[in-house]
Structures are given as structure tokens and as C-alpha cells.
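Working notes, structure below.
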Amino acid sequence: MERLVSKKYWTRETPYHFEFRNPQPAFPLHSHDFTEVVIIYNGTGLHRTPQQSFKLEAGDVVFIKPGQIHGYDAVDNLVLMNILIKPSFLADNVFGLSTAPGYSDLFLSTDSIKSEPQSVIHFRLNRLQLFEVQAILESMQEEIDSRHLLWNIENTIYLFELFILLLRIYNNPAYPATTEKDASAVVKYVEKNFRENFTIKQLMECFNMSESTVLRTFKRVTGYSASEYQMRRRMLVAMDELAATDKSVTQIAYDMGFNDSNYFSRSFRRFTGITPTAYRKRFSKK
């Protein structure tokens, strides 16, 4: 049986390594000397260990500790993110992470426990929780790609944010309190009223949410802030109007909720790269 070792994956820059598998092929039973957190994005499969097997679906999170044996079978378009974490990083107990309830369940190495092998811990995220986890991972990937100043420190902060989120969900599966129905209602409101000049305060009052909950919920569901999403909706509809109607640019600007046609034109150019007039000339459906 193969045993994967950490020195194959890491440099000195980071205490983790990402492996995005699209798709994840079947993989025989194996073990490794590092901690692995697996997040299922899409598809299905069977996760096997000598003690158990369970079906994998979108939203599943699996924690494999050093020394645990596992593999994948019966995969069907299985898409996942592997986060490989140095044992030394977790052993350092940075910021007292190991004092959190559930930490030993998720992260403590079986190599240090003189008992029967533990079962692999797994649980399923709901759709909103999965969006939030993916948003953190995407931010980390952006830092890796950009290599901005202190990117590795920024990503360590993101990694702790991910750990904290997963520990909170493990201890309280309903965390955060916002439900899918609540989030859907906020997005539908903005979708329906994108021409209106509403404020975050109005959304807070309308849906009885705090400002942070509104902002976090909207970003998690759509990938954009409420204002960014509203602007995108306005621009996409304006593009159709310019191409398919004879309305003036000023009229379209007012129809999209802009009080200033010059501001509309500047916003349109930032979004498309060309002015409304140039867009109409290029894409008119006459």
C-alpha cells in the first residue's frame, strides 16, 4: 500500500498545498504523513477505508489524519479540492486553535493516539456553507496566483478562517443562522428591484438581518456584493436595450436607475470596455 509523504508537496513558503481534482479518479487505499481536508464540489463517489465506506456528494467535507488509510471508488464526475496541511503547522497550536471543541476530532493525528484506528470524520455542508468555504479557497488561490506582498501570510490568515468556519459548522451544523430561504429572498429582492437605488440599511430592515449578515450572505450566494450584483444586472440589461431597441442612451440610463447619463456611460465603459454608443453600433440587431 502506498504512503504519501509531505516532502513531495511543500516548499518553505506555506504550511499547506492545494490539489484541485476535476475530476478525481478512482484511487486505491493509501495513507500519508500529513493532514488532508477534502471538500467535494460536484459529482459522486465512494470513500473507502478498512473500517467503513460512505457515499460522497457535493458539500461533503472529509478529514483524513496522518496514518489513516483511505481511497476513492465508484467515482462519477467527482470534483474536489484537497487541502494538504503540514503536521508541524497544526502541532504549533497557533492562536490556541487546539482548545476549540471538536479540534481533536477533526485534526488530531491518530499516530499520537494509542488506541484502535479512528473512523474518518466527515459531514455535509449545506449550499450556503459550501459557497462560503469555496469563497475562502478562491481567495487563497488568487493570493497564490498573484504573489502580492506577504501573500503567504495573507493565506495563512485565510486558512485559519477556513478552520474556524469548519469547526463552527462541526459544532453547530446550522451555522451561520441565515438559511437558504433567507439568502434566496435577499437575492431575489435585488434581482427584482435592481433599477431602484436601495441601500444596505433598507435590506437590513426589510429582511431583519445585520449589515454583516446581509453582506456575507449576498457574497456567498452570488459571488458579488449587493452593489456589484446590482450594477452587473443593470449593465447586462442595458446591453440588451442598446442592441435591440432605438431608445436613447439617456433614456436607457434613466430606465436602469441612473440619474446621470454621463455616470451611466462611464460605468458601462468600465463594464464592457467600450461606450454605449460604440456598443450599439457594433451589436445592434437591426
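Chain labels follow the order of the C-alpha cells: the first chain is A, the next B, and so on; residue numbering restarts at 1 in every chain, and ligands are counted from 1 in their shown order.
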Cut-off 12 Å: closest segment 57-89 of chain A/segment 41-47 of chain A atom pairs per residue, using only C-alpha atoms, as a tab-separated table:
residue	atom	partner	partner_atom	distance
A:Glu57	CA	A:Thr44	CA	4.9
A:Ala58	CA	A:Asn42	CA	4.7
A:Gly59	CA	A:Tyr41	CA	6.3
A:Asp60	CA	A:Tyr41	CA	8.1
A:Val61	CA	A:Tyr41	CA	9.6
A:Val62	CA	A:His47	CA	9.2
A:Phe63	CA	A:His47	CA	11.5
A:Ile64	CA	A:His47	CA	11.1
A:Ile69	CA	A:His47	CA	10.6
A:His70	CA	A:His47	CA	7.1
A:Gly71	CA	A:His47	CA	6.0
A:Tyr72	CA	A:His47	CA	4.9
A:Asp73	CA	A:Leu46	CA	5.0
A:Ala74	CA	A:Gly45	CA	5.2
A:Val75	CA	A:Gly45	CA	4.0
A:Asp76	CA	A:Thr44	CA	5.3
A:Asn77	CA	A:Gly43	CA	4.8
A:Leu78	CA	A:Gly43	CA	4.2
A:Val79	CA	A:Asn42	CA	5.0
A:Leu80	CA	A:Tyr41	CA	5.1
A:Met81	CA	A:Tyr41	CA	7.3
A:Asn82	CA	A:Tyr41	CA	10.7
Could you save those same residues with N, CA and C atoms as an mmCIF file, in the first residue's frame?
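So the final result, stored in out_28.cif, reads:
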data_model
loop_
_atom_site.group_PDB
_atom_site.id
_atom_site.type_symbol
_atom_site.label_atom_id
_atom_site.label_comp_id
_atom_site.auth_asym_id
_atom_site.auth_seq_id
_atom_site.Cartn_x
_atom_site.Cartn_y
_atom_site.Cartn_z
ATOM 1 N N GLU A 57 -20.927 13.306 -1.923
ATOM 2 C CA GLU A 57 -21.739 14.194 -2.757
ATOM 3 C C GLU A 57 -21.282 15.626 -2.528
ATOM 4 N N ALA A 58 -21.783 16.544 -3.357
ATOM 5 C CA ALA A 58 -21.416 17.956 -3.241
ATOM 6 C C ALA A 58 -21.700 18.462 -1.833
ATOM 7 N N GLY A 59 -20.713 19.146 -1.255
ATOM 8 C CA GLY A 59 -20.855 19.687 0.089
ATOM 9 C C GLY A 59 -20.193 18.847 1.160
ATOM 10 N N ASP A 60 -19.829 17.603 0.847
ATOM 11 C CA ASP A 60 -19.180 16.760 1.849
ATOM 12 C C ASP A 60 -17.776 17.279 2.162
ATOM 13 N N VAL A 61 -17.432 17.240 3.450
ATOM 14 C CA VAL A 61 -16.085 17.580 3.904
ATOM 15 C C VAL A 61 -15.540 16.361 4.642
ATOM 16 N N VAL A 62 -14.346 15.924 4.255
ATOM 17 C CA VAL A 62 -13.743 14.720 4.837
ATOM 18 C C VAL A 62 -12.385 15.103 5.422
ATOM 19 N N PHE A 63 -12.126 14.661 6.656
ATOM 20 C CA PHE A 63 -10.872 14.945 7.341
ATOM 21 C C PHE A 63 -10.078 13.649 7.462
ATOM 22 N N ILE A 64 -8.945 13.572 6.782
ATOM 23 C CA ILE A 64 -8.075 12.398 6.857
ATOM 24 C C ILE A 64 -6.810 12.796 7.613
ATOM 25 N N ILE A 69 -5.928 5.309 6.610
ATOM 26 C CA ILE A 69 -5.936 4.683 5.289
ATOM 27 C C ILE A 69 -7.258 4.987 4.606
ATOM 28 N N HIS A 70 -7.185 5.434 3.347
ATOM 29 C CA HIS A 70 -8.428 5.742 2.623
ATOM 30 C C HIS A 70 -8.175 5.668 1.123
ATOM 31 N N GLY A 71 -9.270 5.706 0.353
ATOM 32 C CA GLY A 71 -9.191 5.686 -1.101
ATOM 33 C C GLY A 71 -10.536 6.040 -1.694
ATOM 34 N N TYR A 72 -10.590 6.125 -3.035
ATOM 35 C CA TYR A 72 -11.809 6.507 -3.744
ATOM 36 C C TYR A 72 -12.191 5.424 -4.749
ATOM 37 N N ASP A 73 -13.505 5.209 -4.852
ATOM 38 C CA ASP A 73 -14.006 4.189 -5.762
ATOM 39 C C ASP A 73 -15.358 4.652 -6.306
ATOM 40 N N ALA A 74 -15.824 4.001 -7.385
ATOM 41 C CA ALA A 74 -17.146 4.274 -7.975
ATOM 42 C C ALA A 74 -17.355 5.762 -8.219
ATOM 43 N N VAL A 75 -16.339 6.432 -8.756
ATOM 44 C CA VAL A 75 -16.429 7.878 -8.961
ATOM 45 C C VAL A 75 -17.236 8.195 -10.221
ATOM 46 N N ASP A 76 -17.996 9.280 -10.147
ATOM 47 C CA ASP A 76 -18.805 9.747 -11.267
ATOM 48 C C ASP A 76 -18.732 11.268 -11.307
ATOM 49 N N ASN A 77 -17.860 11.797 -12.177
ATOM 50 C CA ASN A 77 -17.655 13.242 -12.306
ATOM 51 C C ASN A 77 -17.371 13.870 -10.943
ATOM 52 N N LEU A 78 -16.554 13.221 -10.150
ATOM 53 C CA LEU A 78 -16.241 13.689 -8.811
ATOM 54 C C LEU A 78 -15.229 14.832 -8.883
ATOM 55 N N VAL A 79 -15.642 16.016 -8.430
ATOM 56 C CA VAL A 79 -14.782 17.202 -8.430
ATOM 57 C C VAL A 79 -14.552 17.602 -6.980
ATOM 58 N N LEU A 80 -13.289 17.781 -6.610
ATOM 59 C CA LEU A 80 -12.998 18.072 -5.207
ATOM 60 C C LEU A 80 -11.744 18.927 -5.071
ATOM 61 N N MET A 81 -11.628 19.515 -3.883
ATOM 62 C CA MET A 81 -10.421 20.248 -3.513
ATOM 63 C C MET A 81 -9.750 19.513 -2.364
ATOM 64 N N ASN A 82 -8.479 19.180 -2.544
ATOM 65 C CA ASN A 82 -7.661 18.601 -1.480
ATOM 66 C C ASN A 82 -6.836 19.715 -0.848
#
### Task
Might you pull out every residue within 10 Å of Gln134 of chain A, with only C-alpha atoms counted and same-chain residues fewer than 4 positions away left off, and present them as a list in words?
Ile39, Tyr41, Met81, Leu128, Gln129, Leu130, Glu138, Ser139, Met140, Leu162, Arg220 and Gly223 of chain A
### Message
Please return, as a ChimeraX atom specification, all residues of segment 35-221 of chain A that DSSP assigns to strand (DSSP E or B) on the basis of the backbone.
### Response
/A:35-48,53-56,60-64,70-85,121-124
### Summary
In Å and to one decimal, atom CA of Gln230 of chain A is distant from atom CA of Phe207 of chain A by 17.4 Å
### Task
Extract, using only C-alpha atoms, all DNA, RNA and protein residues at most 10 Å from Ala100 of chain A, discarding same-chain residues fewer than 2 positions from it, and format them as an NGL selection string.
:A and (96-98 or 102-104 or 164 or 167-168 or 171)
With only C-alpha atoms as the counted atoms, please give the residues lying no more than 10 Å from Val190 of chain A, apart from itself and same-chain residues fewer than 6 positions off, as an mmCIF file with N, CA, C and O atoms, in the first residue's frame.
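Saved file selection-v2.cif follows:
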data_model
loop_
_atom_site.group_PDB
_atom_site.id
_atom_site.type_symbol
_atom_site.label_atom_id
_atom_site.label_comp_id
_atom_site.auth_asym_id
_atom_site.auth_seq_id
_atom_site.Cartn_x
_atom_site.Cartn_y
_atom_site.Cartn_z
ATOM 1 N N GLU A 196 -33.873 50.110 -8.745
ATOM 2 C CA GLU A 196 -34.091 51.016 -7.623
ATOM 3 C C GLU A 196 -32.769 51.316 -6.913
ATOM 4 O O GLU A 196 -31.856 50.488 -6.891
ATOM 5 N N PHE A 198 -31.698 51.319 -3.763
ATOM 6 C CA PHE A 198 -31.839 50.920 -2.365
ATOM 7 C C PHE A 198 -30.479 50.926 -1.674
ATOM 8 O O PHE A 198 -29.431 50.983 -2.317
ATOM 9 N N LEU A 203 -32.070 46.894 3.053
ATOM 10 C CA LEU A 203 -32.067 45.435 3.027
ATOM 11 C C LEU A 203 -32.062 44.871 4.449
ATOM 12 O O LEU A 203 -32.736 43.878 4.730
ATOM 13 N N PHE A 218 -24.981 37.738 0.749
ATOM 14 C CA PHE A 218 -25.039 38.065 -0.669
ATOM 15 C C PHE A 218 -23.772 37.621 -1.390
ATOM 16 O O PHE A 218 -23.830 37.046 -2.482
ATOM 17 N N ALA A 226 -23.804 43.169 -2.871
ATOM 18 C CA ALA A 226 -25.120 43.571 -3.376
ATOM 19 C C ALA A 226 -24.993 44.677 -4.419
ATOM 20 O O ALA A 226 -25.677 44.655 -5.453
ATOM 21 N N SER A 227 -24.115 45.651 -4.172
ATOM 22 C CA SER A 227 -23.957 46.764 -5.116
ATOM 23 C C SER A 227 -23.322 46.295 -6.426
ATOM 24 O O SER A 227 -23.714 46.748 -7.513
ATOM 25 N N TYR A 229 -23.528 43.257 -7.673
ATOM 26 C CA TYR A 229 -24.525 42.445 -8.370
ATOM 27 C C TYR A 229 -25.563 43.335 -9.042
ATOM 28 O O TYR A 229 -25.955 43.097 -10.188
ATOM 29 N N GLN A 230 -26.009 44.365 -8.325
ATOM 30 C CA GLN A 230 -26.981 45.301 -8.899
ATOM 31 C C GLN A 230 -26.422 45.981 -10.149
ATOM 32 O O GLN A 230 -27.107 46.087 -11.167
ATOM 33 N N ARG A 233 -26.384 43.588 -13.099
ATOM 34 C CA ARG A 233 -27.731 43.409 -13.657
ATOM 35 C C ARG A 233 -28.103 44.601 -14.534
ATOM 36 O O ARG A 233 -28.644 44.443 -15.627
#
### Which of A:Tyr175, A:Arg234, A:Ile83, A:Asn262 sits closest to Asn193 of chain A [using only C-alpha atoms]
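Residue with the minimum atom-to-atom distance to Asn193 of chain A: A:Arg234.
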### Query
Neighbours of segment 275-282 of chain A within 8 Å (only C-alpha atoms; same-chain residues fewer than 2 positions away dropped), as a list of chain:residue names?
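Selected residues are A:Met239, A:Leu242, A:Ala243, A:Val249, A:Ser265, A:Arg266, A:Phe268, A:Arg269, A:Thr272, A:Gly273, A:Ser284.
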Keeping only N, CA, C and O atoms, take the residues you just selected and write them out as a CSV table (one decimal), in the first residue's frame.
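Result written to part_14.csv:
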chain,number,residue,atom,x,y,z
A,239,MET,N,-27.1,46.4,-22.0
A,239,MET,CA,-26.5,45.9,-23.2
A,239,MET,C,-27.6,45.4,-24.2
A,239,MET,O,-27.6,45.6,-25.4
A,242,LEU,N,-29.6,48.4,-25.7
A,242,LEU,CA,-28.8,49.1,-26.7
A,242,LEU,C,-28.8,48.4,-28.0
A,242,LEU,O,-28.9,48.9,-29.1
A,243,ALA,N,-28.7,47.0,-27.9
A,243,ALA,CA,-28.6,46.2,-29.1
A,243,ALA,C,-30.0,46.0,-29.8
A,243,ALA,O,-30.1,45.8,-31.0
A,249,VAL,N,-29.5,56.7,-25.4
A,249,VAL,CA,-28.6,56.3,-24.2
A,249,VAL,C,-29.1,56.9,-22.9
A,249,VAL,O,-29.1,56.3,-21.9
A,265,SER,N,-22.7,56.1,-18.6
A,265,SER,CA,-21.7,55.9,-19.7
A,265,SER,C,-20.4,55.4,-19.2
A,265,SER,O,-19.8,54.5,-19.8
A,266,ARG,N,-19.9,56.1,-18.1
A,266,ARG,CA,-18.6,55.7,-17.6
A,266,ARG,C,-18.7,54.3,-17.0
A,266,ARG,O,-17.8,53.5,-17.1
A,268,PHE,N,-20.8,51.9,-17.9
A,268,PHE,CA,-20.9,51.0,-19.0
A,268,PHE,C,-19.5,50.7,-19.6
A,268,PHE,O,-19.2,49.6,-19.9
A,269,ARG,N,-18.7,51.8,-19.8
A,269,ARG,CA,-17.4,51.6,-20.4
A,269,ARG,C,-16.5,50.7,-19.5
A,269,ARG,O,-15.7,49.9,-20.0
A,272,THR,N,-17.9,47.0,-20.0
A,272,THR,CA,-17.7,46.4,-21.3
A,272,THR,C,-16.4,46.7,-22.1
A,272,THR,O,-16.1,46.0,-23.0
A,273,GLY,N,-15.8,47.9,-21.7
A,273,GLY,CA,-14.6,48.3,-22.4
A,273,GLY,C,-14.8,49.3,-23.5
A,273,GLY,O,-13.9,49.8,-24.1
A,284,SER,N,-25.8,46.2,-32.7
A,284,SER,CA,-27.3,46.5,-33.0
A,284,SER,C,-27.8,45.3,-33.8
A,284,SER,O,-27.2,44.8,-34.7
### Message
Need to verify the contact set: Lys181 of chain A, 12 Å, only C-alpha atoms, exclusion of same-chain residues closer than 5 positions in sequence. Can you return it as a ChimeraX atom specification?
### Response
/A:126-128,186-188,207,217,221
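Pairwise distance (atom CA of Phe95 of chain A, atom CA of Val214 of chain A) equals 28.5 Å.
The two atoms in question, atom CA of His17 of chain A and atom CA of Ala174 of chain A, are spaced 28.8 Å apart.
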